[in-house]
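Next comes work-v6.cif, a file with mmCIF, C-alpha atoms.
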data_upload
#
loop_
_atom_site.label_atom_id
_atom_site.label_comp_id
_atom_site.auth_asym_id
_atom_site.auth_seq_id
_atom_site.Cartn_x
_atom_site.Cartn_y
_atom_site.Cartn_z
CA MET A 1 44.34 71.35 -64.22
CA THR A 2 42.93 68.36 -62.55
CA GLU A 3 44.26 67.36 -59.13
CA PRO A 4 45.46 63.79 -58.76
CA SER A 5 43.03 61.47 -56.94
CA THR A 6 43.87 60.58 -53.33
CA GLN A 7 42.01 57.22 -53.46
CA GLN A 8 44.03 54.04 -53.78
CA PRO A 9 43.36 51.97 -56.84
CA ARG A 10 40.96 49.07 -56.14
CA GLN A 11 42.64 45.71 -56.21
CA SER A 12 40.95 42.77 -57.81
CA PRO A 13 40.02 39.93 -55.41
CA PRO A 14 42.11 36.80 -55.58
CA PRO A 15 40.80 34.19 -57.96
CA PRO A 16 38.94 31.27 -56.36
CA ALA A 17 40.74 28.05 -55.75
CA GLY A 18 40.84 25.78 -58.75
CA SER A 19 40.40 28.67 -61.19
CA GLY A 20 43.97 28.36 -62.40
CA GLY A 21 45.06 31.66 -60.95
CA THR A 22 47.78 32.09 -58.35
CA VAL A 23 47.21 33.12 -54.77
CA PRO A 24 49.65 35.73 -53.55
CA LEU A 25 51.64 34.70 -50.47
CA ASP A 26 52.77 37.17 -47.85
CA SER A 27 55.94 35.34 -46.96
CA THR A 28 57.98 32.21 -47.41
CA ALA A 29 56.94 31.10 -43.88
CA GLN A 30 53.30 30.96 -44.90
CA LEU A 31 54.21 28.86 -47.90
CA LEU A 32 56.12 26.38 -45.75
CA THR A 33 53.25 26.19 -43.24
CA ARG A 34 50.74 25.39 -45.96
CA ILE A 35 52.98 22.72 -47.52
CA THR A 36 53.52 21.10 -44.09
CA ALA A 37 49.78 20.97 -43.38
CA GLN A 38 48.99 19.41 -46.75
CA LEU A 39 51.76 16.86 -46.31
CA GLY A 40 50.42 15.88 -42.86
CA THR A 41 46.96 15.38 -44.31
CA GLN A 42 48.29 13.10 -47.04
CA LEU A 43 50.43 11.08 -44.61
CA SER A 44 47.42 10.50 -42.33
CA LEU A 45 45.80 8.57 -45.18
CA VAL A 46 48.72 6.13 -45.46
CA SER A 47 49.05 3.15 -43.06
CA ARG A 48 52.33 1.83 -41.76
CA ASN A 49 52.56 -0.87 -44.45
CA GLY A 50 52.31 1.75 -47.16
CA THR A 51 48.69 1.08 -48.18
CA ARG A 52 46.19 3.85 -48.38
CA ARG A 53 43.55 3.96 -45.63
CA PRO A 54 39.92 4.22 -46.73
CA MET A 55 38.49 7.66 -46.19
CA HIS A 56 35.78 7.86 -43.53
CA ARG A 57 32.47 8.90 -44.89
CA PRO A 58 29.89 9.99 -42.30
CA ARG A 59 26.83 7.84 -41.96
CA PRO A 60 23.51 9.51 -42.61
CA SER A 61 22.83 9.47 -38.84
CA GLU A 62 26.16 11.28 -38.31
CA ALA A 63 25.43 14.02 -40.81
CA LEU A 64 25.12 17.45 -39.28
CA ARG A 65 21.58 18.70 -39.37
CA PRO A 66 20.93 22.40 -39.74
CA SER A 67 19.18 22.43 -36.37
CA ASP A 68 22.33 21.06 -34.72
CA THR A 69 24.07 24.37 -35.32
CA LEU A 70 21.19 26.28 -33.76
CA ARG A 71 20.76 24.51 -30.43
CA PRO A 72 22.98 22.52 -28.08
CA SER A 73 22.67 18.77 -28.22
CA ALA A 74 20.30 17.43 -25.56
CA ALA A 75 20.87 14.30 -23.56
CA PRO A 76 18.66 11.40 -24.67
CA SER A 77 15.49 11.08 -22.65
CA PRO A 78 15.48 8.10 -20.27
CA PRO A 79 13.05 5.33 -21.17
CA ALA A 80 9.68 5.59 -19.49
CA ALA A 81 9.47 3.53 -16.32
CA PRO A 82 7.05 0.61 -16.62
CA ARG A 83 3.81 1.17 -14.76
CA SER A 84 3.52 -0.98 -11.67
CA PRO A 85 0.48 -3.22 -11.60
CA ALA A 86 -2.42 -2.04 -9.47
CA ALA A 87 -2.52 -3.39 -5.93
CA PRO A 88 -5.17 -6.03 -5.28
CA THR A 89 -8.50 -4.81 -4.00
CA LEU A 90 -8.97 -4.85 -0.22
CA LEU A 91 -12.36 -6.51 0.20
CA VAL A 92 -13.54 -6.13 3.79
CA VAL A 93 -15.99 -8.89 4.71
CA ALA A 94 -18.40 -7.91 7.49
CA HIS A 95 -20.97 -10.19 9.07
CA GLY A 96 -23.98 -7.93 8.68
CA SER A 97 -26.66 -6.84 11.14
CA ARG A 98 -30.22 -5.60 11.21
CA ASP A 99 -29.09 -2.74 13.44
CA PRO A 100 -28.88 0.32 11.16
CA GLN A 101 -25.89 1.57 13.15
CA ALA A 102 -23.85 -1.45 12.08
CA LEU A 103 -23.52 -0.50 8.42
CA ARG A 104 -22.79 3.15 9.25
CA THR A 105 -20.06 2.05 11.66
CA VAL A 106 -18.44 -0.25 9.11
CA LEU A 107 -18.50 2.45 6.43
CA ALA A 108 -16.84 4.88 8.84
CA LEU A 109 -14.12 2.31 9.48
CA LEU A 110 -13.52 1.89 5.75
CA ASP A 111 -13.15 5.66 5.42
CA ARG A 112 -10.38 5.52 8.02
CA VAL A 113 -8.65 2.79 6.05
CA ARG A 114 -8.85 4.88 2.87
CA ASP A 115 -7.27 7.80 4.70
CA LEU A 116 -4.35 5.57 5.67
CA ARG A 117 -3.87 4.08 2.19
CA PRO A 118 -5.02 6.59 -0.47
CA GLY A 119 -5.46 5.09 -3.90
CA LEU A 120 -6.11 1.55 -2.68
CA ASP A 121 -9.36 0.07 -4.00
CA ILE A 122 -11.35 -0.80 -0.86
CA ARG A 123 -14.73 -2.51 -1.06
CA LEU A 124 -17.25 -4.07 1.29
CA GLY A 125 -19.15 -7.33 1.22
CA HIS A 126 -21.46 -8.85 3.86
CA ILE A 127 -21.99 -12.46 4.77
CA GLU A 128 -25.67 -11.82 5.44
CA LEU A 129 -28.32 -9.25 6.43
CA ASN A 130 -26.74 -6.22 4.71
CA ARG A 131 -25.96 -5.17 1.19
CA PRO A 132 -23.75 -5.45 -0.67
CA LEU A 133 -23.54 -9.17 -0.10
CA LEU A 134 -20.13 -10.77 -0.60
CA PRO A 135 -21.03 -12.67 -3.83
CA ASP A 136 -22.29 -9.44 -5.40
CA THR A 137 -19.09 -7.58 -4.56
CA LEU A 138 -16.99 -10.41 -5.97
CA ASP A 139 -19.09 -10.41 -9.13
CA GLY A 140 -18.14 -6.76 -9.64
CA LEU A 141 -14.44 -7.65 -9.48
CA ARG A 142 -14.29 -10.05 -12.44
CA GLY A 143 -10.77 -10.27 -13.81
CA ALA A 144 -9.24 -8.52 -10.81
CA ASP A 145 -7.17 -9.50 -7.78
CA ALA A 146 -8.69 -9.20 -4.31
CA VAL A 147 -7.72 -9.92 -0.72
CA LEU A 148 -10.67 -10.86 1.48
CA VAL A 149 -10.06 -9.47 4.97
CA PRO A 150 -12.69 -10.71 7.43
CA LEU A 151 -14.03 -8.08 9.81
CA LEU A 152 -14.28 -10.92 12.31
CA LEU A 153 -12.40 -11.35 15.55
CA GLY A 154 -11.42 -15.01 15.56
CA ARG A 155 -11.40 -18.31 13.77
CA GLY A 156 -14.83 -19.78 13.33
CA HIS A 157 -17.28 -21.14 10.77
CA HIS A 158 -17.43 -17.92 8.74
CA VAL A 159 -13.65 -17.63 8.43
CA LYS A 160 -12.97 -21.31 7.87
CA HIS A 161 -15.86 -22.16 5.56
CA ASP A 162 -17.99 -19.25 4.32
CA LEU A 163 -15.17 -17.06 3.03
CA PRO A 164 -13.23 -19.81 1.22
CA ALA A 165 -16.50 -21.06 -0.30
CA ALA A 166 -17.38 -17.58 -1.55
CA ALA A 167 -13.91 -17.18 -3.05
CA ALA A 168 -14.15 -20.57 -4.77
CA ALA A 169 -17.55 -19.60 -6.20
CA ALA A 170 -15.98 -16.59 -7.92
CA PRO A 171 -13.35 -18.15 -10.23
CA ALA A 172 -13.17 -14.97 -12.31
CA VAL A 173 -11.54 -13.19 -9.36
CA ARG A 174 -8.05 -14.06 -8.15
CA THR A 175 -8.59 -14.13 -4.39
CA ARG A 176 -6.64 -14.49 -1.20
CA VAL A 177 -8.25 -14.85 2.23
CA ALA A 178 -6.55 -13.06 5.12
CA ALA A 179 -6.57 -14.09 8.75
CA PRO A 180 -9.28 -12.78 11.11
CA LEU A 181 -8.48 -9.66 13.07
CA GLY A 182 -7.83 -11.37 16.38
CA PRO A 183 -6.01 -12.04 18.44
CA HIS A 184 -3.61 -9.14 17.90
CA PRO A 185 -2.06 -6.31 19.99
CA LEU A 186 -3.89 -3.73 17.87
CA LEU A 187 -7.18 -5.22 19.02
CA VAL A 188 -6.02 -4.83 22.62
CA GLU A 189 -5.20 -1.20 21.87
CA ALA A 190 -8.71 -0.63 20.53
CA LEU A 191 -10.33 -2.45 23.48
CA TYR A 192 -8.31 -0.38 25.94
CA GLY A 193 -9.27 2.86 24.21
CA ARG A 194 -12.97 1.99 24.30
CA LEU A 195 -12.77 1.08 27.99
CA VAL A 196 -11.16 4.43 28.84
CA GLU A 197 -13.96 6.17 26.95
CA ALA A 198 -16.46 4.23 29.09
CA GLY A 199 -14.87 5.37 32.36
CA TRP A 200 -12.04 2.97 33.02
CA ASP A 201 -9.44 4.71 35.18
CA PRO A 202 -5.83 3.70 34.49
CA ALA A 203 -5.31 4.18 38.22
CA ASP A 204 -7.36 1.00 38.70
CA GLN A 205 -4.41 -1.02 37.45
CA GLY A 206 -3.59 -3.56 40.11
CA SER A 207 -6.81 -2.84 42.02
CA ARG A 208 -8.23 -5.77 44.02
CA SER A 209 -11.80 -4.67 43.37
CA ALA A 210 -11.65 -4.02 39.61
CA ALA A 211 -12.13 -6.48 36.78
CA VAL A 212 -13.32 -6.63 33.18
CA VAL A 213 -15.64 -8.97 31.30
CA LEU A 214 -14.71 -9.41 27.64
CA ALA A 215 -18.10 -9.86 25.98
CA ALA A 216 -17.89 -11.77 22.67
CA ALA A 217 -20.44 -13.25 20.29
CA GLY A 218 -19.51 -16.87 20.93
CA SER A 219 -18.98 -19.85 18.64
CA ARG A 220 -19.07 -23.63 18.80
CA ASP A 221 -15.67 -23.74 17.12
CA PRO A 222 -13.00 -24.41 19.78
CA ASP A 223 -10.49 -22.30 17.85
CA SER A 224 -12.77 -19.29 18.16
CA ALA A 225 -13.02 -19.69 21.93
CA GLN A 226 -9.24 -20.12 22.12
CA ASP A 227 -8.74 -16.85 20.23
CA THR A 228 -11.09 -15.00 22.58
CA ARG A 229 -9.30 -16.36 25.66
CA ARG A 230 -5.96 -15.27 24.24
CA THR A 231 -7.27 -11.75 23.67
CA ALA A 232 -8.58 -11.71 27.25
CA ARG A 233 -5.11 -12.61 28.55
CA MET A 234 -3.48 -9.89 26.46
CA LEU A 235 -5.99 -7.31 27.71
CA ALA A 236 -5.46 -8.43 31.33
CA GLU A 237 -1.72 -7.81 30.92
CA ARG A 238 -2.48 -4.31 29.66
CA LEU A 239 -4.98 -3.47 32.41
CA GLY A 240 -3.35 -5.23 35.34
CA VAL A 241 -6.68 -6.74 36.48
CA PRO A 242 -8.50 -9.99 35.70
CA VAL A 243 -10.30 -10.15 32.33
CA VAL A 244 -12.89 -12.92 31.97
CA PRO A 245 -14.20 -13.90 28.50
CA ALA A 246 -17.97 -14.29 28.29
CA TYR A 247 -20.33 -14.98 25.40
CA ALA A 248 -23.67 -13.86 24.03
CA SER A 249 -24.42 -17.27 22.45
CA ALA A 250 -23.14 -20.78 21.77
CA ALA A 251 -20.63 -20.84 24.66
CA THR A 252 -20.34 -20.23 28.38
CA PRO A 253 -20.17 -18.33 30.63
CA THR A 254 -22.69 -15.71 29.69
CA VAL A 255 -21.98 -12.07 30.51
CA PRO A 256 -24.34 -12.00 33.54
CA ALA A 257 -22.83 -15.24 34.88
CA ALA A 258 -19.28 -13.86 34.52
CA LEU A 259 -20.26 -10.66 36.38
CA ARG A 260 -21.76 -12.66 39.24
CA ALA A 261 -18.64 -14.83 39.51
CA LEU A 262 -16.40 -11.77 39.71
CA ALA A 263 -18.61 -10.18 42.37
CA ALA A 264 -18.37 -13.35 44.42
CA ARG A 265 -14.59 -12.91 44.40
CA GLY A 266 -14.85 -9.33 45.65
CA ARG A 267 -14.50 -7.76 42.22
CA HIS A 268 -17.34 -5.27 42.44
CA ARG A 269 -15.83 -2.55 40.22
CA THR A 270 -16.39 -4.36 36.95
CA PHE A 271 -16.51 -3.14 33.35
CA VAL A 272 -17.77 -4.80 30.18
CA ALA A 273 -15.49 -4.58 27.16
CA SER A 274 -17.45 -4.99 23.93
CA TYR A 275 -15.59 -7.50 21.75
CA PHE A 276 -17.73 -6.74 18.69
CA THR A 277 -16.74 -4.97 15.50
CA ALA A 278 -20.02 -3.06 15.19
CA PRO A 279 -23.35 -2.52 16.98
CA GLY A 280 -25.87 -5.33 16.82
CA ARG A 281 -28.14 -7.57 18.81
CA PHE A 282 -25.36 -9.35 20.72
CA ALA A 283 -23.51 -6.14 21.52
CA SER A 284 -26.70 -4.57 22.86
CA ALA A 285 -27.45 -7.61 25.04
CA ALA A 286 -23.95 -7.54 26.53
CA ALA A 287 -24.15 -3.82 27.26
CA GLY A 288 -27.53 -4.29 28.93
CA ALA A 289 -25.99 -6.68 31.46
CA ALA A 290 -23.23 -4.28 32.51
CA PRO A 291 -23.54 -2.81 36.03
CA ARG A 292 -22.29 0.53 34.65
CA THR A 293 -21.74 1.97 31.18
CA ALA A 294 -20.29 -0.67 28.89
CA ALA A 295 -17.67 0.11 26.29
CA VAL A 296 -18.98 0.61 22.78
CA PRO A 297 -18.01 -1.84 20.01
CA LEU A 298 -14.59 -1.50 18.42
CA GLY A 299 -16.04 0.11 15.30
CA ALA A 300 -13.97 2.80 13.58
CA HIS A 301 -11.24 3.00 16.21
CA PRO A 302 -7.96 4.04 14.53
CA ALA A 303 -6.27 0.81 15.64
CA MET A 304 -8.91 -1.17 13.78
CA ALA A 305 -8.09 0.60 10.53
CA ARG A 306 -4.40 -0.15 10.97
CA LEU A 307 -5.21 -3.78 11.76
CA LEU A 308 -7.25 -4.24 8.58
CA LEU A 309 -4.32 -2.99 6.51
CA HIS A 310 -1.93 -5.18 8.47
CA ARG A 311 -3.96 -8.30 7.66
CA TYR A 312 -4.16 -7.22 4.01
CA ASP A 313 -0.39 -6.75 3.76
CA GLN A 314 0.21 -9.98 5.65
CA ALA A 315 -1.91 -11.94 3.17
CA LEU A 316 -0.02 -10.46 0.22
CA SER A 317 3.33 -11.36 1.79
CA ALA A 318 2.22 -14.90 2.59
CA THR A 319 1.00 -15.40 -0.98
CA ALA A 320 4.30 -14.14 -2.38
CA ARG A 321 6.23 -16.60 -0.21
CA SER A 322 4.01 -19.48 -1.32
CA GLY A 323 4.45 -18.71 -5.01
CA GLY A 324 1.07 -17.10 -5.62
CA VAL A 325 -1.16 -19.74 -4.09
CA SER A 326 -4.33 -18.46 -2.47
CA LEU A 327 -4.32 -19.19 1.23
CA LEU A 328 -5.48 -18.15 4.66
CA ALA A 329 -2.77 -15.98 6.16
CA SER A 330 -1.43 -17.10 9.49
CA ALA A 331 -2.26 -15.13 12.60
#

The structure given in the file should be rewritten as structure tokens.
Amino acid sequence: MTEPSTQQPRQSPPPPAGSGGTVPLDSTAQLLTRITAQLGTQLSLVSRNGTRRPMHRPRPSEALRPSDTLRPSAAPSPPAAPRSPAAPTLLVVAHGSRDPQALRTVLALLDRVRDLRPGLDIRLGHIELNRPLLPDTLDGLRGADAVLVPLLLGRGHHVKHDLPAAAAAAPAVRTRVAAPLGPHPLLVEALYGRLVEAGWDPADQGSRSAAVVLAAAGSRDPDSAQDTRRTARMLAERLGVPVVPAYASAATPTVPAALRALAARGRHRTFVASYFTAPGRFASAAAGAAPRTAAVPLGAHPAMARLLLHRYDQALSATARSGGVSLLASA
């Protein structure tokens, strides 16, 4: 005799929607819930005036992509910032000298400037006697912007005539000519530092026997002499003793004459401050006249590097204020 099976009979799955079959309902409540939901859906398609609203069909851009279900939506990437134009080249214009130490000194100064402003294109051009000459450097900057910063200490023929003429002869370069380095407090800082290196004692401030001769190259331009006298006054305020400007050429007094005049006034503890940017014939002649060790030229003193950048920035600001016109920046 066969025992009855304990397994329940398998029920057939409900027919799919639209197949014509009926879907069993568990209760009357479920039936009412389904009718209410369908009625709400139909009513949402009818506007207040009784017309049927158009059904919203997603645009192709709104369609759900398969990848959208696999990863969270990411915020749109911000647009790339426009690249700022390169800063104009800083073209340092040195005078030039036959003294081999002059070029080495100027190159050391430019290295200091590069340390202060990494990434800035810094080049060198000479008025005479050394390469590269200024016209050659300008020729290598065709199509570029450049600020010519004279490595010169005052207004004179080179600043007023030679530099503007060189810029005008290079029309393929958009140029601005900065002011000369002096007079400026940073020059006084460099002069003071070189004097201390040469043996100047800050305790000599106010001394009745101490004095300084500011030895400069000299120029027939009255503006150049005025600039040197102004620097001498600024240095005298810093040192607290008289500072007399003297010249190696083209103007008076000479360095030996200035030393004799100071000695006649009882100023026997005298120093010579070298108002030259680099070694050369005039700097050597001035040092040879000093009764004791003369200060070395300004050279690669840190204040000189800061001053070159200051004149560069000043020229850019002045050009911006003038609407882009090339000009000589004011001192």

*Separation of CA of Ala198 (chain A) and CA of Asp99 (chain A), in Å?*
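Going from CA of Ala198 (chain A) over to CA of Asp99 (chain A), I get 21.3 Å.
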
*Please evaluate the PyMOL selection byres ((chain A and resi 232-244) around 6) against the displayed coordinates and give the resulting residues as a PyMOL selection string.*
chain A and resi 188+205-206+211-214+229-231+245

*Which one is closest to Pro132 (chain A): A:Val272, A:Ala264, A:Thr175, A:Leu103? Count all atoms listed in the file.*
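Closest residue, counting all atoms listed in the file: A:Leu103.
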
*Using all atoms listed in the file, give me every residue within 8 Å of (-14.2, -12.9, -6.6) in file coordinates, as a PyMOL selection string.*
chain A and resi 135+137-142+144-146+166-175

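Under the PyMOL selection byres ((chain A and resi 98) around 9), the matching residues in the shown file are A:Gly96, A:Ser97, A:Asp99, A:Pro100, A:Gln101, A:Ala102, A:Leu103, A:Leu129, A:Asn130, A:Gly280, A:Arg281.
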
*Evaluate the PyMOL selection byres ((chain A and resi 294) around 8) here and jot the selected residues down as number ranges by chain.*
A: 195, 198, 271-274, 287, 290, 292-293, 295-296

*Contacts of Leu181 (chain A) at 12 Å or less, counting all atoms listed in the file, minus same-chain residues fewer than 4 places along, as a PyMOL selection string?*
chain A and resi 92-94+148-156+159+185-188+190+224+227-228+231+275-277+298+303-312+314+329-331

*Which distance in Å separates CA of Val147 (chain A) and CA of Leu316 (chain A), to one decimal?*
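Those two atoms sit 7.8 Å apart.
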
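Between CA of Glu189 (chain A) and CA of Arg265 (chain A) there is a distance of 27.1 Å.
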
*asked:* Under the rule that only C-alpha atoms are counted, which of A:Ile127, A:Ala217, A:Leu91, A:Ala320 is the nearest residue to Val113 (chain A)?
replied: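 Selected residue with least distance to Val113 (chain A): A:Leu91.
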
_Proximity to Pro222 (chain A) - best of A:Leu262, A:Val106, A:Ala246, A:Ala251, all atoms listed in the file_ =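 Closest to Pro222 (chain A) of all the choices is A:Ala251.
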
_Could you check the closest approach to Ala215 (chain A) for each of A:Leu110, A:Ala300, A:Leu259, A:Ala315 and tell me which residue wins, using all atoms listed in the file?_
A:Leu259

*Find the residue from A:Ala203, A:Leu90, A:Ala278, A:Leu163 that sits nearest to His301 (chain A); use only C-alpha atoms when measuring.*
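Using only C-alpha atoms, His301 (chain A) sits closest to A:Ala278.
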
What would region 226-236 of chain A look like with all heavy atoms in place, written as a PDB file, in the frame of the given file?
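Okay, this is what ended up in result.pdb:
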ATOM      1  N   GLN A 226     -10.657 -20.258  21.778  1.00  0.00           N
ATOM      2  CA  GLN A 226      -9.240 -20.120  22.120  1.00  0.00           C
ATOM      3  C   GLN A 226      -8.736 -18.721  21.775  1.00  0.00           C
ATOM      4  O   GLN A 226      -7.984 -18.108  22.546  1.00  0.00           O
ATOM      5  CB  GLN A 226      -8.420 -21.173  21.380  1.00  0.00           C
ATOM      6  CG  GLN A 226      -6.930 -21.091  21.657  1.00  0.00           C
ATOM      7  CD  GLN A 226      -6.143 -22.130  20.871  1.00  0.00           C
ATOM      8  OE1 GLN A 226      -6.714 -23.035  20.260  1.00  0.00           O
ATOM      9  NE2 GLN A 226      -4.829 -22.004  20.867  1.00  0.00           N
ATOM     10  N   ASP A 227      -9.156 -18.199  20.625  1.00  0.00           N
ATOM     11  CA  ASP A 227      -8.740 -16.850  20.230  1.00  0.00           C
ATOM     12  C   ASP A 227      -9.270 -15.803  21.198  1.00  0.00           C
ATOM     13  O   ASP A 227      -8.570 -14.836  21.540  1.00  0.00           O
ATOM     14  CB  ASP A 227      -9.211 -16.546  18.806  1.00  0.00           C
ATOM     15  CG  ASP A 227      -8.493 -17.391  17.760  1.00  0.00           C
ATOM     16  OD1 ASP A 227      -7.422 -17.941  18.077  1.00  0.00           O
ATOM     17  OD2 ASP A 227      -9.010 -17.496  16.628  1.00  0.00           O
ATOM     18  N   THR A 228     -10.518 -15.965  21.638  1.00  0.00           N
ATOM     19  CA  THR A 228     -11.090 -15.000  22.580  1.00  0.00           C
ATOM     20  C   THR A 228     -10.362 -15.064  23.921  1.00  0.00           C
ATOM     21  O   THR A 228     -10.078 -14.021  24.536  1.00  0.00           O
ATOM     22  CB  THR A 228     -12.594 -15.281  22.780  1.00  0.00           C
ATOM     23  OG1 THR A 228     -13.257 -15.249  21.509  1.00  0.00           O
ATOM     24  CG2 THR A 228     -13.218 -14.237  23.692  1.00  0.00           C
ATOM     25  N   ARG A 229     -10.031 -16.245  24.386  1.00  0.00           N
ATOM     26  CA  ARG A 229      -9.300 -16.360  25.660  1.00  0.00           C
ATOM     27  C   ARG A 229      -7.918 -15.724  25.558  1.00  0.00           C
ATOM     28  O   ARG A 229      -7.444 -15.083  26.502  1.00  0.00           O
ATOM     29  CB  ARG A 229      -9.177 -17.836  26.058  1.00  0.00           C
ATOM     30  CG  ARG A 229     -10.485 -18.470  26.508  1.00  0.00           C
ATOM     31  CD  ARG A 229     -10.243 -19.810  27.201  1.00  0.00           C
ATOM     32  NE  ARG A 229      -9.607 -20.790  26.311  1.00  0.00           N
ATOM     33  CZ  ARG A 229     -10.275 -21.653  25.566  1.00  0.00           C
ATOM     34  NH1 ARG A 229     -11.621 -21.655  25.567  1.00  0.00           N
ATOM     35  NH2 ARG A 229      -9.642 -22.529  24.795  1.00  0.00           N
ATOM     36  N   ARG A 230      -7.278 -15.881  24.415  1.00  0.00           N
ATOM     37  CA  ARG A 230      -5.960 -15.270  24.240  1.00  0.00           C
ATOM     38  C   ARG A 230      -6.055 -13.746  24.273  1.00  0.00           C
ATOM     39  O   ARG A 230      -5.226 -13.068  24.881  1.00  0.00           O
ATOM     40  CB  ARG A 230      -5.345 -15.744  22.929  1.00  0.00           C
ATOM     41  CG  ARG A 230      -3.940 -15.220  22.710  1.00  0.00           C
ATOM     42  CD  ARG A 230      -3.371 -15.738  21.412  1.00  0.00           C
ATOM     43  NE  ARG A 230      -2.119 -15.080  21.070  1.00  0.00           N
ATOM     44  CZ  ARG A 230      -1.495 -15.200  19.901  1.00  0.00           C
ATOM     45  NH1 ARG A 230      -2.022 -15.985  18.961  1.00  0.00           N
ATOM     46  NH2 ARG A 230      -0.378 -14.556  19.665  1.00  0.00           N
ATOM     47  N   THR A 231      -7.079 -13.199  23.616  1.00  0.00           N
ATOM     48  CA  THR A 231      -7.270 -11.750  23.670  1.00  0.00           C
ATOM     49  C   THR A 231      -7.536 -11.287  25.093  1.00  0.00           C
ATOM     50  O   THR A 231      -7.032 -10.228  25.514  1.00  0.00           O
ATOM     51  CB  THR A 231      -8.435 -11.334  22.746  1.00  0.00           C
ATOM     52  OG1 THR A 231      -8.136 -11.711  21.393  1.00  0.00           O
ATOM     53  CG2 THR A 231      -8.677  -9.835  22.805  1.00  0.00           C
ATOM     54  N   ALA A 232      -8.312 -12.068  25.845  1.00  0.00           N
ATOM     55  CA  ALA A 232      -8.580 -11.710  27.250  1.00  0.00           C
ATOM     56  C   ALA A 232      -7.284 -11.671  28.050  1.00  0.00           C
ATOM     57  O   ALA A 232      -7.080 -10.770  28.877  1.00  0.00           O
ATOM     58  CB  ALA A 232      -9.574 -12.703  27.848  1.00  0.00           C
ATOM     59  N   ARG A 233      -6.396 -12.616  27.821  1.00  0.00           N
ATOM     60  CA  ARG A 233      -5.110 -12.610  28.550  1.00  0.00           C
ATOM     61  C   ARG A 233      -4.275 -11.398  28.176  1.00  0.00           C
ATOM     62  O   ARG A 233      -3.646 -10.767  29.038  1.00  0.00           O
ATOM     63  CB  ARG A 233      -4.349 -13.907  28.250  1.00  0.00           C
ATOM     64  CG  ARG A 233      -4.958 -15.157  28.863  1.00  0.00           C
ATOM     65  CD  ARG A 233      -3.977 -16.321  28.828  1.00  0.00           C
ATOM     66  NE  ARG A 233      -3.602 -16.674  27.462  1.00  0.00           N
ATOM     67  CZ  ARG A 233      -4.239 -17.589  26.727  1.00  0.00           C
ATOM     68  NH1 ARG A 233      -5.311 -18.212  27.224  1.00  0.00           N
ATOM     69  NH2 ARG A 233      -3.837 -17.879  25.503  1.00  0.00           N
ATOM     70  N   MET A 234      -4.256 -11.059  26.900  1.00  0.00           N
ATOM     71  CA  MET A 234      -3.480  -9.890  26.460  1.00  0.00           C
ATOM     72  C   MET A 234      -4.048  -8.601  27.060  1.00  0.00           C
ATOM     73  O   MET A 234      -3.297  -7.701  27.467  1.00  0.00           O
ATOM     74  CB  MET A 234      -3.475  -9.821  24.930  1.00  0.00           C
ATOM     75  CG  MET A 234      -2.752 -10.978  24.265  1.00  0.00           C
ATOM     76  SD  MET A 234      -3.056 -11.069  22.464  1.00  0.00           S
ATOM     77  CE  MET A 234      -2.207  -9.588  21.914  1.00  0.00           C
ATOM     78  N   LEU A 235      -5.375  -8.505  27.128  1.00  0.00           N
ATOM     79  CA  LEU A 235      -5.990  -7.310  27.710  1.00  0.00           C
ATOM     80  C   LEU A 235      -5.733  -7.252  29.216  1.00  0.00           C
ATOM     81  O   LEU A 235      -5.519  -6.163  29.773  1.00  0.00           O
ATOM     82  CB  LEU A 235      -7.488  -7.313  27.413  1.00  0.00           C
ATOM     83  CG  LEU A 235      -8.273  -6.091  27.906  1.00  0.00           C
ATOM     84  CD1 LEU A 235      -7.724  -4.810  27.291  1.00  0.00           C
ATOM     85  CD2 LEU A 235      -9.766  -6.250  27.599  1.00  0.00           C
ATOM     86  N   ALA A 236      -5.738  -8.403  29.894  1.00  0.00           N
ATOM     87  CA  ALA A 236      -5.460  -8.430  31.330  1.00  0.00           C
ATOM     88  C   ALA A 236      -4.036  -7.937  31.604  1.00  0.00           C
ATOM     89  O   ALA A 236      -3.797  -7.225  32.593  1.00  0.00           O
ATOM     90  CB  ALA A 236      -5.647  -9.850  31.871  1.00  0.00           C
TER      91      ALA A 236
END
